[in-house]
Every structure is written in structure tokens, then in C-alpha cells.
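Below is query.txt, holding compact mmCIF, C-alpha atoms and all ligand atoms.
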# COMPACT_ATOMS: atom_id res chain seq x y z
CA MET A 1414 -29.96 6.42 0.83
CA ASN A 1415 -27.52 3.66 -0.03
CA SER A 1416 -28.26 0.72 2.30
CA GLN A 1417 -25.33 -1.36 1.10
CA MET A 1418 -22.69 -2.24 3.63
CA ILE A 1419 -19.99 -0.64 1.48
CA ALA A 1420 -21.65 2.73 2.16
CA SER A 1421 -21.68 2.29 5.94
CA PRO A 1422 -19.21 4.05 8.23
CA ILE A 1423 -16.64 2.15 10.25
CA ARG A 1424 -14.67 3.00 13.35
CA ILE A 1425 -10.89 2.72 12.94
CA GLY A 1426 -9.15 3.30 16.24
CA LYS A 1427 -10.65 6.51 17.59
CA LYS A 1428 -11.69 7.82 14.16
CA VAL A 1429 -14.50 7.04 11.76
CA ALA A 1430 -14.23 6.37 8.02
CA PRO A 1431 -17.45 7.40 6.23
CA ASN A 1432 -17.57 4.30 3.99
CA ARG A 1433 -15.75 1.01 3.38
CA ILE A 1434 -13.69 1.92 0.33
CA VAL A 1435 -9.95 2.55 0.58
CA THR A 1436 -7.91 4.12 -2.19
CA GLN A 1437 -4.74 2.09 -1.83
CA PRO A 1438 -1.27 3.63 -1.97
CA MET A 1439 -0.19 4.08 -5.61
CA GLU A 1440 3.28 5.52 -6.24
CA CYS A 1441 3.05 8.05 -9.01
CA ASN A 1442 6.64 9.29 -9.12
CA ASP A 1443 5.74 12.92 -9.81
CA ALA A 1444 7.51 14.79 -7.00
CA ASP A 1445 10.29 17.27 -7.83
CA SER A 1446 13.95 16.32 -7.42
CA SER A 1447 13.82 17.25 -3.71
CA GLY A 1448 10.79 15.00 -3.08
CA ASN A 1449 8.27 17.86 -2.90
CA PRO A 1450 4.77 17.51 -4.35
CA THR A 1451 4.43 19.20 -7.76
CA ASP A 1452 1.34 20.68 -9.40
CA LEU A 1453 0.64 17.24 -10.83
CA THR A 1454 0.72 15.70 -7.35
CA PHE A 1455 -1.67 18.36 -6.05
CA GLN A 1456 -4.01 17.82 -8.98
CA ARG A 1457 -3.98 14.04 -8.48
CA TYR A 1458 -4.74 14.13 -4.78
CA ARG A 1459 -7.48 16.74 -5.14
CA ARG A 1460 -9.19 14.32 -7.57
CA ILE A 1461 -8.71 11.42 -5.16
CA ALA A 1462 -10.24 13.56 -2.40
CA GLU A 1463 -13.18 14.31 -4.69
CA GLY A 1464 -13.61 10.55 -5.08
CA GLY A 1465 -14.60 10.38 -1.40
CA ALA A 1466 -13.19 7.01 -0.35
CA GLY A 1467 -13.61 6.27 3.36
CA VAL A 1468 -9.83 6.05 3.65
CA ILE A 1469 -7.28 7.67 1.35
CA ASN A 1470 -3.99 5.88 1.78
CA PHE A 1471 -1.24 8.06 0.35
CA GLU A 1472 1.37 6.48 -1.87
CA SER A 1473 4.70 5.36 -0.48
CA LEU A 1474 6.49 8.37 1.02
CA THR A 1475 10.19 7.81 1.43
CA ILE A 1476 11.59 8.68 4.85
CA THR A 1477 14.98 9.42 3.26
CA LEU A 1478 16.24 10.59 -0.13
CA GLU A 1479 19.33 8.45 0.38
CA SER A 1480 17.65 5.08 -0.32
CA ARG A 1481 14.55 5.14 -2.51
CA ALA A 1482 13.04 3.15 -5.33
CA ARG A 1483 11.58 5.97 -7.38
CA LYS A 1484 13.53 8.90 -8.74
CA ASN A 1485 10.68 11.32 -8.10
CA GLN A 1486 9.25 9.70 -5.01
CA LEU A 1487 7.49 11.91 -2.47
CA LEU A 1488 9.64 12.56 0.59
CA ILE A 1489 8.64 13.14 4.19
CA THR A 1490 11.13 15.12 6.29
CA GLU A 1491 11.06 18.42 8.18
CA GLU A 1492 12.35 20.19 5.03
CA ASN A 1493 9.23 19.49 3.01
CA ALA A 1494 6.63 19.35 5.81
CA LYS A 1495 5.06 22.68 4.78
CA LYS A 1496 4.37 21.40 1.26
CA LEU A 1497 2.77 18.23 2.60
CA GLU A 1498 0.69 20.34 4.96
CA ARG A 1499 -0.63 22.35 2.01
CA LEU A 1500 -1.40 19.16 0.12
CA ILE A 1501 -3.55 17.85 2.97
CA ARG A 1502 -5.20 21.25 3.45
CA GLU A 1503 -6.21 21.33 -0.20
CA MET A 1504 -7.59 17.80 -0.02
CA ARG A 1505 -9.62 18.62 3.08
CA ALA A 1506 -11.03 21.68 1.34
CA VAL A 1507 -12.49 19.31 -1.25
CA ASN A 1508 -13.60 16.68 1.25
CA HIS A 1509 -13.18 16.78 5.02
CA GLU A 1510 -14.64 13.33 5.77
CA SER A 1511 -12.18 10.83 4.29
CA LEU A 1512 -9.45 9.64 6.62
CA ILE A 1513 -6.02 10.42 5.21
CA LEU A 1514 -3.13 8.07 5.93
CA PHE A 1515 0.50 8.52 4.92
CA GLN A 1516 2.35 5.38 3.89
CA LEU A 1517 5.88 5.58 5.31
CA ASN A 1518 8.60 3.61 3.62
CA HIS A 1519 12.30 2.88 3.31
CA SER A 1520 13.08 0.98 0.10
CA GLY A 1521 15.97 -1.10 1.47
CA ARG A 1522 17.14 -3.64 -1.12
CA LEU A 1523 14.61 -2.31 -3.64
CA SER A 1524 16.30 1.11 -3.66
CA GLU A 1525 17.50 2.09 -7.11
CA LYS A 1526 21.27 2.31 -7.41
CA ALA A 1527 21.14 4.75 -10.35
CA PHE A 1528 20.25 7.54 -7.91
CA SER A 1529 20.36 6.14 -4.38
CA LYS A 1530 22.08 3.75 -2.04
CA VAL A 1531 20.97 0.12 -2.02
CA VAL A 1532 21.04 -1.40 1.46
CA SER A 1533 19.67 -4.65 2.82
CA VAL A 1534 18.70 -6.36 6.05
CA TYR A 1535 20.33 -9.64 5.02
CA PRO A 1536 22.71 -10.33 2.10
CA THR A 1537 21.16 -10.04 -1.37
CA GLY A 1538 23.79 -12.18 -3.09
CA ASP A 1539 25.36 -9.06 -4.59
CA PRO A 1540 28.51 -8.35 -2.53
CA THR A 1541 28.37 -4.64 -3.43
CA VAL A 1542 25.07 -4.20 -1.54
CA HIS A 1543 25.67 -2.94 1.98
CA VAL A 1544 24.10 -5.05 4.75
CA LEU A 1545 22.84 -2.70 7.44
CA THR A 1546 24.50 -2.76 10.85
CA GLU A 1547 22.41 -2.89 14.02
CA LYS A 1548 23.10 0.82 14.57
CA GLU A 1549 21.96 1.64 11.03
CA VAL A 1550 18.74 -0.32 11.53
CA GLU A 1551 18.12 1.68 14.70
CA ALA A 1552 18.75 4.94 12.82
CA ILE A 1553 16.20 3.91 10.17
CA ALA A 1554 13.71 3.13 12.95
CA SER A 1555 14.26 6.68 14.32
CA SER A 1556 13.60 8.15 10.87
CA PHE A 1557 10.31 6.25 10.71
CA VAL A 1558 9.37 7.68 14.11
CA LYS A 1559 10.27 11.22 12.98
CA ALA A 1560 8.22 10.78 9.80
CA ALA A 1561 5.21 9.63 11.86
CA VAL A 1562 5.46 12.77 14.00
CA ILE A 1563 5.66 14.95 10.88
CA SER A 1564 2.63 13.14 9.43
CA LYS A 1565 0.64 14.22 12.47
CA GLN A 1566 2.00 17.79 12.38
CA VAL A 1567 0.97 18.26 8.75
CA GLY A 1568 -2.57 17.06 9.40
CA ALA A 1569 -2.76 13.40 8.36
CA ASP A 1570 -5.14 11.16 10.35
CA GLY A 1571 -2.60 8.43 10.64
CA ILE A 1572 0.20 6.46 9.07
CA ASP A 1573 0.73 3.17 7.36
CA PHE A 1574 3.98 1.55 8.51
CA LYS A 1575 4.84 -0.22 5.26
CA HIS A 1576 5.65 -3.93 5.48
CA CYS A 1577 4.70 -5.09 2.01
CA HIS A 1578 6.11 -5.75 -1.46
CA GLY A 1579 9.72 -6.43 -0.46
CA TYR A 1580 10.68 -3.04 1.01
CA ILE A 1581 12.50 -2.82 4.34
CA GLY A 1582 9.66 -3.80 6.72
CA ALA A 1583 8.81 -6.82 4.57
CA GLU A 1584 12.44 -7.82 4.25
CA MET A 1585 12.91 -7.69 8.01
CA VAL A 1586 10.17 -10.20 8.95
CA ARG A 1587 11.03 -12.91 6.41
CA PRO A 1588 12.39 -16.31 7.48
CA ALA A 1589 15.24 -15.58 5.01
CA ASN A 1590 16.40 -12.88 7.44
CA THR A 1591 18.90 -15.04 9.29
CA ARG A 1592 20.90 -12.14 10.77
CA GLN A 1593 22.75 -13.15 13.90
CA ASP A 1594 21.87 -10.03 15.91
CA ARG A 1595 18.65 -8.94 17.64
CA PHE A 1596 16.96 -8.14 14.28
CA GLY A 1597 17.24 -11.59 12.69
CA GLY A 1598 16.83 -15.32 13.16
CA SER A 1599 13.90 -16.11 15.44
CA PHE A 1600 10.37 -14.79 14.77
CA GLU A 1601 10.76 -12.73 17.94
CA ASN A 1602 13.91 -11.07 16.55
CA ARG A 1603 12.59 -10.60 13.00
CA THR A 1604 9.54 -8.77 14.30
CA ARG A 1605 11.50 -6.61 16.77
CA PHE A 1606 11.95 -3.75 14.29
CA THR A 1607 8.17 -3.57 13.76
CA ARG A 1608 7.35 -3.86 17.45
CA GLU A 1609 9.91 -1.41 18.79
CA THR A 1610 9.45 1.17 16.04
CA ALA A 1611 5.65 1.11 16.40
CA ARG A 1612 5.96 1.54 20.17
CA GLN A 1613 8.41 4.42 19.74
CA MET A 1614 5.97 6.03 17.30
CA ARG A 1615 3.14 5.82 19.86
CA THR A 1616 5.28 7.39 22.55
CA ALA A 1617 6.58 10.17 20.30
CA LEU A 1618 3.12 10.95 18.90
CA ASP A 1619 1.53 11.06 22.35
CA ASP A 1620 -1.92 10.97 20.74
CA GLU A 1621 -4.09 7.87 21.00
CA SER A 1622 -6.38 9.15 18.25
CA PHE A 1623 -3.63 9.28 15.62
CA LEU A 1624 -3.89 6.06 13.62
CA ILE A 1625 -1.00 3.66 13.18
CA GLY A 1626 -1.49 0.62 10.99
CA VAL A 1627 0.51 -1.79 8.90
CA ARG A 1628 0.16 -2.84 5.28
CA PHE A 1629 1.97 -6.15 4.90
CA SER A 1630 2.58 -8.90 2.36
CA ILE A 1631 1.01 -11.97 3.92
CA TYR A 1632 2.77 -14.19 1.39
CA ASP A 1633 5.81 -12.92 -0.54
CA GLY A 1634 5.80 -15.77 -3.07
CA ILE A 1635 9.60 -16.20 -2.97
CA ALA A 1636 11.89 -18.71 -1.26
CA GLY A 1637 12.35 -17.71 2.37
CA GLY A 1638 9.70 -15.01 1.98
CA PHE A 1639 7.12 -14.10 4.57
CA GLY A 1640 4.26 -16.58 4.67
CA THR A 1641 6.58 -19.57 4.35
CA SER A 1642 7.96 -21.81 7.09
CA GLY A 1643 11.71 -21.37 6.61
CA PRO A 1644 14.63 -19.62 4.90
CA GLU A 1645 14.52 -22.00 1.91
CA GLU A 1646 10.76 -22.64 1.73
CA VAL A 1647 8.43 -21.25 -0.89
CA ILE A 1648 5.17 -23.08 -0.12
CA GLU A 1649 2.58 -20.85 1.53
CA ASP A 1650 2.29 -21.30 5.28
CA LEU A 1651 0.31 -18.69 7.19
CA GLY A 1652 1.61 -19.69 10.63
CA GLU A 1653 3.92 -16.68 10.97
CA PRO A 1654 1.63 -14.11 9.32
CA ILE A 1655 -1.12 -15.08 11.76
CA ALA A 1656 1.29 -14.73 14.69
CA PHE A 1657 2.38 -11.38 13.19
CA VAL A 1658 -1.14 -9.90 12.99
CA THR A 1659 -1.82 -11.12 16.54
CA MET A 1660 1.28 -9.21 17.63
CA LEU A 1661 0.21 -6.10 15.69
CA GLU A 1662 -3.10 -6.07 17.52
CA GLU A 1663 -1.41 -6.64 20.87
CA ILE A 1664 0.92 -3.66 20.38
CA GLY A 1665 -2.00 -1.39 19.63
CA MET A 1666 -2.07 -1.08 15.84
CA ASP A 1667 -5.37 0.42 14.66
CA TYR A 1668 -5.82 -1.54 11.42
CA ILE A 1669 -4.18 -4.08 9.14
CA ASN A 1670 -4.03 -3.75 5.36
CA VAL A 1671 -3.39 -7.14 3.76
CA SER A 1672 -1.43 -7.35 0.54
CA ALA A 1673 0.94 -9.92 -0.93
CA GLY A 1674 3.91 -10.37 -3.21
CA ILE A 1675 6.84 -8.23 -4.26
CA ALA A 1676 6.38 -4.89 -6.06
CA GLY A 1677 4.91 -5.48 -9.52
CA SER A 1678 4.21 -9.19 -9.03
CA GLU A 1679 1.13 -11.03 -10.25
CA ILE A 1680 0.33 -12.04 -6.65
CA THR A 1681 0.15 -8.37 -5.69
CA GLN A 1682 -2.12 -7.30 -8.50
CA PRO A 1683 -4.47 -9.87 -10.01
CA SER A 1684 -5.13 -9.40 -13.72
CA LYS A 1685 -6.29 -11.33 -16.76
CA LYS A 1686 -3.05 -13.33 -16.56
CA TYR A 1687 -4.22 -14.91 -13.32
CA PRO A 1688 -7.85 -13.97 -12.55
CA GLU A 1689 -8.25 -16.39 -9.63
CA GLY A 1690 -5.62 -14.32 -7.80
CA VAL A 1691 -8.52 -12.24 -6.49
CA TYR A 1692 -9.82 -15.25 -4.54
CA ARG A 1693 -6.44 -15.68 -2.87
CA HIS A 1694 -6.70 -12.11 -1.56
CA PHE A 1695 -10.20 -12.83 -0.22
CA GLY A 1696 -8.94 -15.96 1.53
CA TRP A 1697 -6.04 -14.04 3.08
CA THR A 1698 -8.21 -11.32 4.62
CA LYS A 1699 -10.64 -14.00 5.82
CA ALA A 1700 -7.77 -15.71 7.68
CA VAL A 1701 -6.68 -12.40 9.24
CA LYS A 1702 -10.27 -11.47 10.16
CA LYS A 1703 -10.58 -14.77 12.06
CA THR A 1704 -7.56 -13.74 14.12
CA VAL A 1705 -7.95 -10.05 15.01
CA GLU A 1706 -10.68 -7.62 16.04
CA ILE A 1707 -9.14 -4.48 14.51
CA PRO A 1708 -10.31 -3.43 11.01
CA VAL A 1709 -8.87 -5.41 8.10
CA ILE A 1710 -8.43 -3.89 4.64
CA GLY A 1711 -8.40 -6.09 1.54
CA SER A 1712 -6.43 -5.63 -1.70
CA GLY A 1713 -6.59 -6.75 -5.31
CA TYR A 1714 -10.16 -5.66 -6.13
CA SER A 1715 -9.48 -3.71 -9.37
CA TYR A 1716 -9.68 -6.73 -11.66
CA LEU A 1717 -13.33 -7.37 -10.75
CA ARG A 1718 -14.73 -4.13 -12.27
CA ASP A 1719 -18.35 -4.54 -13.54
CA GLY A 1720 -17.96 -8.29 -13.85
CA LYS A 1721 -16.41 -8.07 -17.31
CA ASN A 1722 -13.50 -10.32 -16.42
CA ASN A 1723 -12.23 -13.85 -17.00
CA LEU A 1724 -13.23 -15.37 -13.68
CA GLN A 1725 -14.82 -18.77 -14.19
CA GLU A 1726 -18.17 -17.71 -12.76
CA PRO A 1727 -20.85 -17.89 -15.47
CA GLU A 1728 -23.03 -15.09 -14.05
CA ARG A 1729 -21.47 -11.70 -14.69
CA SER A 1730 -23.39 -10.14 -11.79
CA LYS A 1731 -21.62 -12.56 -9.43
CA LYS A 1732 -18.11 -11.56 -10.36
CA SER A 1733 -18.17 -7.77 -10.14
CA PHE A 1734 -16.46 -5.42 -7.69
CA LEU A 1735 -19.74 -4.51 -6.00
CA TYR A 1736 -20.87 -8.13 -5.66
CA TRP A 1737 -17.62 -9.21 -4.03
CA ALA A 1738 -17.20 -6.10 -1.93
CA GLU A 1739 -20.68 -6.56 -0.46
CA LYS A 1740 -20.30 -10.31 -0.06
CA ASN A 1741 -16.95 -10.12 1.67
CA LEU A 1742 -18.11 -7.30 3.95
CA LYS A 1743 -21.33 -9.14 4.87
CA ASP A 1744 -19.63 -12.52 5.31
CA GLY A 1745 -17.12 -10.91 7.67
CA ASN A 1746 -14.16 -11.67 5.39
CA VAL A 1747 -12.96 -8.06 5.37
CA ASP A 1748 -13.87 -4.64 6.86
CA LEU A 1749 -12.80 -2.31 4.05
CA VAL A 1750 -12.09 -2.99 0.38
CA GLY A 1751 -9.13 -1.40 -1.37
CA ILE A 1752 -8.77 -0.20 -4.92
CA GLY A 1753 -5.33 0.41 -6.35
CA ARG A 1754 -5.19 0.60 -10.17
CA GLN A 1755 -8.92 1.41 -10.32
CA SER A 1756 -8.20 4.64 -8.45
CA LEU A 1757 -5.82 5.66 -11.24
CA ALA A 1758 -8.33 4.68 -13.96
CA ASP A 1759 -11.07 6.70 -12.28
CA PRO A 1760 -10.28 8.66 -9.11
CA LEU A 1761 -14.01 9.30 -8.69
CA PHE A 1762 -14.78 5.56 -8.56
CA PRO A 1763 -15.78 5.49 -4.85
CA ARG A 1764 -18.29 8.32 -5.25
CA LYS A 1765 -19.72 6.82 -8.45
CA ILE A 1766 -20.09 3.29 -7.08
CA LEU A 1767 -21.66 4.56 -3.85
CA SER A 1768 -24.15 6.81 -5.64
CA GLY A 1769 -25.01 4.26 -8.33
CA GLU A 1770 -23.55 6.38 -11.16
CA THR A 1771 -21.89 3.24 -12.50
CA GLN A 1772 -22.51 4.10 -16.17
CA SER A 1773 -19.87 6.80 -16.06
CA ILE A 1774 -17.12 4.72 -14.40
CA ASP A 1775 -13.85 4.44 -16.32
CA TYR A 1776 -12.92 0.88 -15.48
CA CYS A 1777 -9.37 -0.36 -14.99
CA THR A 1778 -8.43 -2.90 -17.66
CA THR A 1779 -5.53 -4.26 -15.53
CA CYS A 1780 -3.28 -3.72 -18.56
CA ASP A 1781 -0.56 -2.68 -16.07
CA ARG A 1782 0.70 0.17 -18.23
CA CYS A 1783 0.74 2.16 -14.98
CA LEU A 1784 3.24 -0.36 -13.67
CA ALA A 1785 5.32 -0.08 -16.87
CA LEU A 1786 5.45 3.70 -16.37
CA MET A 1787 6.54 3.20 -12.77
CA LEU A 1788 9.27 0.73 -13.71
CA ALA A 1789 10.50 3.16 -16.40
CA GLN A 1790 10.81 5.86 -13.68
CA LYS A 1791 8.17 8.03 -15.41
CA GLU A 1792 5.22 9.84 -13.90
CA VAL A 1793 2.53 7.23 -13.22
CA GLY A 1794 -1.14 7.30 -14.12
CA CYS A 1795 -3.73 5.53 -16.23
CA ALA A 1796 -2.46 5.15 -19.80
CA ILE A 1797 -5.90 4.03 -21.00
CA HIS A 1798 -8.23 6.73 -19.70
CA ASN A 1799 -5.92 9.72 -19.29
CA ALA A 1800 -4.39 11.33 -22.40
CA TYR A 1801 -1.34 12.68 -20.53
CA TYR A 1802 -0.21 9.23 -19.41
CA ARG A 1803 -1.29 7.62 -22.69
CA ASP A 1804 1.20 9.87 -24.42
CA LEU A 1805 3.92 9.16 -21.86
CA TYR A 1806 3.36 5.44 -22.31
CA ARG A 1807 3.59 5.74 -26.10
CA ARG A 1808 6.90 7.53 -25.68
CA ILE A 1809 8.43 4.85 -23.46
CA LYS A 1810 7.34 2.17 -25.93
CA LYS A 1811 8.98 4.13 -28.75
CA GLU A 1812 12.15 4.62 -26.70
CA ALA A 1813 12.25 0.87 -26.02
CA GLN A 1814 11.96 0.09 -29.75
CA SER A 1815 14.65 2.51 -30.93
C1 LIG L 1901 1.82 1.70 -10.39
C2 LIG L 1901 1.65 1.07 -9.04
C3 LIG L 1901 2.09 1.74 -7.91
C4 LIG L 1901 1.90 1.16 -6.64
N1 LIG L 1901 2.35 1.82 -5.54
C5 LIG L 1901 2.17 1.28 -4.30
C6 LIG L 1901 2.61 1.98 -3.14
O1 LIG L 1901 3.10 3.10 -3.18
N2 LIG L 1901 2.44 1.35 -1.95
C7 LIG L 1901 1.83 0.12 -1.83
O2 LIG L 1901 1.69 -0.39 -0.72
N3 LIG L 1901 1.38 -0.53 -2.91
C8 LIG L 1901 1.53 0.02 -4.14
N4 LIG L 1901 1.04 -0.63 -5.24
C9 LIG L 1901 0.18 -1.81 -5.05
C10 LIG L 1901 -1.30 -1.36 -4.99
O3 LIG L 1901 -1.55 -0.55 -3.87
C11 LIG L 1901 -2.29 -2.53 -4.97
O4 LIG L 1901 -2.05 -3.34 -3.87
C12 LIG L 1901 -2.24 -3.38 -6.24
O5 LIG L 1901 -2.31 -2.58 -7.40
C13 LIG L 1901 -3.39 -4.41 -6.27
O6 LIG L 1901 -4.62 -3.76 -6.10
P1 LIG L 1901 -5.58 -3.47 -7.37
O7 LIG L 1901 -5.92 -4.80 -7.94
O8 LIG L 1901 -6.76 -2.78 -6.75
O9 LIG L 1901 -4.82 -2.63 -8.30
C14 LIG L 1901 1.24 -0.11 -6.51
C15 LIG L 1901 0.80 -0.77 -7.66
C16 LIG L 1901 1.00 -0.20 -8.91
C17 LIG L 1901 0.48 -0.92 -10.13

Could you render the structure from this file as C-alpha cells?
Amino acid sequence: MNSQMIASPIRIGKKVAPNRIVTQPMECNDADSSGNPTDLTFQRYRRIAEGGAGVINFESLTITLESRARKNQLLITEENAKKLERLIREMRAVNHESLILFQLNHSGRLSEKAFSKVVSVYPTGDPTVHVLTEKEVEAIASSFVKAAVISKQVGADGIDFKHCHGYIGAEMVRPANTRQDRFGGSFENRTRFTRETARQMRTALDDESFLIGVRFSIYDGIAGGFGTSGPEEVIEDLGEPIAFVTMLEEIGMDYINVSAGIAGSEITQPSKKYPEGVYRHFGWTKAVKKTVEIPVIGSGYSYLRDGKNNLQEPERSKKSFLYWAEKNLKDGNVDLVGIGRQSLADPLFPRKILSGETQSIDYCTTCDRCLALMLAQKEVGCAIHNAYYRDLYRRIKKEAQS
């Protein structure tokens, strides 16, 4: 039996995750044009289910086709609920222990104008981008609530109310959101959307065991971003993020998933360009853990792999995923550790690391070709270890050169 802490179960709200690994949400842009899962989506999630992470956090599901960042993003509405239900059923047939969470999102200013409508909470500087009215913000909140109810109906264990990487939730809470109405200006106003929508979700779900949590960017890394002290500031200041997580616990959120940065940024996903970025993530979850009692999920662990990385620690055994996962869990710096890109490189990673089959792990190289595929609006996967995505990646490189 594995006596490591990473293999131990943990209570999240009224449910139990069988181990401490989370497969983080990874958008793979392989839905059909109506946002329905395709054969490729089914295949991907069956593999993830086989991997046996304690928590499987689904990729960003858009709550509307109108404003979305990815052309083939998965959608969650009544129209495609049956397909999502089948997806979950097939995953549970492979593995009925992992907790399955749906990440619910509206892309806001990061929506792609080539195929959807770009909208923002506060002006982007581009006068053609529509700034949402109070009524429109309320309508978006209602769509989030509807999507949470559908998530429960189709069999998910809970939802992740997305507040990271610059999408609408993240945009709302920033000091740069100086709207003059009840959704902007003061911290109280900027967090109203989160607070009221989460409360409406609880009421509509009418089920205390259904999990609601928030993945948020603790530090955006931009002027006026979250984790700074004002609309023009860029220096990290965790005053507001700490007040935010305190509020999330007070309103009954079941967990907090800590991320950082804007989609695709180096702060979000540490790599060989900035190895010490992993330590920033550890410090961020440590700060959140000091503040709240609810489970805290950490991000940015893929770079660590088997210790073959450029961290300035001379002993390889002291810079691996397993070393840091165990250390952070034991030191109380985090409750669950998340893998993003590593789950694309090897969807069976959790099972292999927990059973000690480490020889057969396909490690993520943090080359970020997956990100390049995503930014090119292609299907996303590991272009190192999977021939299908390797070929796709080659094609986009060729297209770029011609
Ligand atoms: C291709 C790609 C897609 C991603 N999709 C999502 C997503 O849908 N939702 C989300 O919250 N984060 C998303 N992320 C961020 C990851 O979940 C994760 O936080 C990041 O990759 C850092 O973790 P890692 O070092 O384990 O990869 C994505 C990252 C990449 C590279």
C-alpha cells in the first residue's frame, strides 16, 4: 500500500477524493461546431478517467456560444446536456471514484472576434469592444447558474466557477475594474458578481453535497490586475486575494484552486524559461492555506517531472514532482496538487505515480506546443508523445512558414 500523503483521500465539501492529484482543466478545442463532445473528446476523457486522479477538473466549458475563446470549445446548455451526460457516464464506467468537476466559463474580453462577440467588464481600450451593461452582467450570472444546474443534472460532482487567466470572473475582481455601478470600483462591488452568482447557484442547486469551488488567478501580472493594490499598480500585493479567499470560504465554497496569470502566460505555466515560477505557485497556495480551512489546490507542477529540470537545486531527487508534492502536502502548503500539461503528456500519470510505475511515465517537456495548438485554434494535445498532435503541430508550423 502506498503510504505517501499524495495517495491519501481527502474530504472536499461532502464528498471524498480518493487521492491528492487533480487533473487541471485543459482546453482541447475538439468539440463540434455546436459545442458537443466529439469522438476525440470522449476518447480523451476516458483516458483521463483511467488515469484515476482524485479530482478530474474538466476543461473550460463555455456557458454561451455567443462569446467564447475557442472555436471548438465545449458548450454547456440544455441543448447539449444529453451528450455531456453520456460523457460522464462513460468516464464513470472506467472509474467511479474520481470526483468530476465542470469548469464553467464566459470568455469576456478574451472571446475571439473571428467567430464570437467580444465583450468586457470595463473598457479594453478598443472602442469597438462592447462594455457590458448591468443588465447584461446579470444575464451572464443567470447563465452561470443555469450551467451549474445542468452540471448536476448530467452527473458531475461539482463545478468550478472560473475566475482565472483573464476571463470574465478574473476581469470582474481586478482593481482595474473601475465601473461606476454595483459591479465595479470598491472591493465589495468587484466581488459582488462572484458572491451573488455563487449564492444563486447554491439556491438553484438545492443540494449541499454538490461541490462549488473557484479557480482564480491570485496575481494577474498586469497593471491593475488582481493581486495588485490599485488600477495602475503591477507590483504583487496579496491583500485583496487574501480577502477574496476569506469571502469565498464565508459564502460556502467547497474548495479553492489557485492559479495565476493570463491565459498562456509564463506566470500561469512555469517552464524552462522561468523554472523558479514553480516556487511562486508554492508560496501562493501557502498564503491561501494560512487563511482558509477549505481544501486548496495548487497549480504549475508539470515542470518538476522526475527532477530533470533547470531548478537551481543540486540534488535531482529534491526537485521532482513527487518530492515537492509530498513536501507541500506534509508541510501544509497545499491540500491537492494539480497537473495541467502533464495530463496531456500522459493521461495515466496519476495512476503511474501512485503505483510507482514511474519508468513508463511520458513526461511533459513544457515545450508548450499544446499552447501553440490552442492559440492556432487547432485540436489540443501533446505534440511530443502523441503522433496525432505531433502531426497537427507540424502542419501549423508549415502553414506559418508558407
Ligand atoms: C493548452 C492549455 C489549455 C489550458 N486550458 C485551461 C482551461 O481550460 N482552464 C484553466 O483554468 N486553465 C487552463 N490551462 C492552464 C492549466 O490548467 C494549468 O494551470 C497550467 O498549464 C499550469 O499547470 P502545469 O504546469 O501543470 O501545466 C491551460 C493551459 C494550457 C497549456

Gap from CA of Arg1424 (chain A) to CA of Asp1748 (chain A) - Å, one decimal
10.1 Å

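Using only C-alpha atoms, the shortest contact distance between Glu1440 (chain A) and any of A:Thr1779, A:Asn1722, A:Asn1670, A:Ser1756 is found at A:Ser1756.
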
Do you have, as CSV, the list of residues of region 1471-1543 of chain A lying at most 6 Å from region 1579-1602 of chain A, each with its nearest atom pair and that distance in Å to one decimal, counting only C-alpha atoms and ordered by chain then number?
residue,atom,partner,partner_atom,distance
A:His1519,CA,A:Ile1581,CA,5.8
A:Ser1520,CA,A:Tyr1580,CA,4.8
A:Gly1521,CA,A:Ile1581,CA,4.8
A:Tyr1535,CA,A:Asn1590,CA,5.6

Please identify all polymer residues within 8 Å of Ala1789 (chain A), counting all atoms listed in the file, omitting same-chain residues fewer than 3 positions from it, and present them as a list in words.
Ala1785, Leu1786 and Ile1809 of chain A

CA of Phe1471 (chain A) and atom C14 of ligand LIG 1901 (chain L), how far apart in Å?
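CA of Phe1471 (chain A) lies at a distance of 11.0 Å from atom C14 of ligand LIG 1901 (chain L).
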
Env of region 1514-1517 of chain A: 10 Å cut, atoms = all atoms listed in the file, seq-sep filter 4 positions within chain, self excluded. Answer as a count of residues only.
36

Of A:Val1705, A:Gln1814, A:Arg1457, A:Gly1634, the one nearest to Ile1655 (chain A) when counting all atoms listed in the file is A:Val1705

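With all atoms listed in the file as the atoms that count, the residue of A:Gln1566, A:Pro1540, A:Leu1761, A:Glu1739 with the shortest distance to Leu1618 (chain A) is A:Gln1566.
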
Go ahead and compute the interatomic distance for CA of Asp1539 (chain A) and CA of Leu1523 (chain A), in Å to one decimal.
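About the pair CA of Asp1539 (chain A) and CA of Leu1523 (chain A): they are 12.7 Å apart.
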
Excluding Lys1743 (chain A) and any residue of its chain fewer than 5 positions from it, enumerate the residues within 12 Å of it, using only C-alpha atoms, and give them as a list in words.
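In the requested format, the answer is Gln1417, Met1418, Ile1419, Ser1421, Arg1433, Lys1699, Leu1735, Tyr1736, Trp1737, Ala1738, Asp1748, Leu1749 and Val1750 of chain A.
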
Please return as an MDAnalysis selection string every residue within 8 Å of (-7.5, -5.8, 7.9), taking into account all atoms listed in the file and the file's own coordinates.
chainID A and resid 1668:1671 1698 1701:1702 1707:1711 1747:1749

For Glu1653 (chain A), which residue out of A:Leu1757, A:Leu1717, A:Ala1552, A:Ile1631 is the nearest one, using only C-alpha atoms?
A:Ile1631

Which residue out of A:Ser1712, A:Ser1511, A:Ser1773, A:Thr1659 has the minimum interatomic distance to Ala1430 (chain A) when only C-alpha atoms are used?
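Of the candidates, the smallest distance to Ala1430 (chain A) is held by A:Ser1511.
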
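Residue nearest Asn1723 (chain A) within the list A:Glu1689, A:Glu1662, A:Asp1804, A:Glu1479: A:Glu1689 [criterion: smallest interatomic distance, only C-alpha atoms].
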
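Once His1509 (chain A) and its same-chain neighbours fewer than 3 positions away are set aside, Val1429, Ala1430, Pro1431, Arg1459, Ala1462, Glu1463, Gly1464, Gly1465, Ala1466, Gly1467, Val1468, Ile1469, Ile1501, Arg1502, Glu1503, Met1504, Arg1505, Ala1506, Leu1512, Ile1513, Gly1568, Ala1569 and Asp1570 of chain A remain within 12 Å of it when counting only C-alpha atoms.
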
With a distance cut-off of 8 Å and all atoms listed in the file, select the neighbouring residues of region 1491-1497 of chain A, excluding the residue or stretch itself and same-chain residues fewer than 5 positions from it, and output the selection as a list of chain:residue names.
A:Gly1448, A:Asn1449, A:Pro1450, A:Ile1563, A:Val1567

Would you be able to write out as JSON, numbers by chain which residues have an atom within 9 Å of (-14.0, 6.5, -6.8) in the file's coordinates, counting only C-alpha atoms?
{"A": [1434, 1436, 1461, 1463, 1464, 1465, 1466, 1752, 1755, 1756, 1759, 1760, 1761, 1762, 1763, 1764, 1765, 1766, 1767, 1774]}

Give the centre and edge lengths of an axis-aligned box, in Å to one decimal, that holds all listed atoms of region 1464-1472 of chain A with 4 Å on each side, as lines of an AutoDock Vina configuration file.
center_x = -6.6
center_y = 8.2
center_z = -0.7
size_x = 24.0
size_y = 12.7
size_z = 16.7
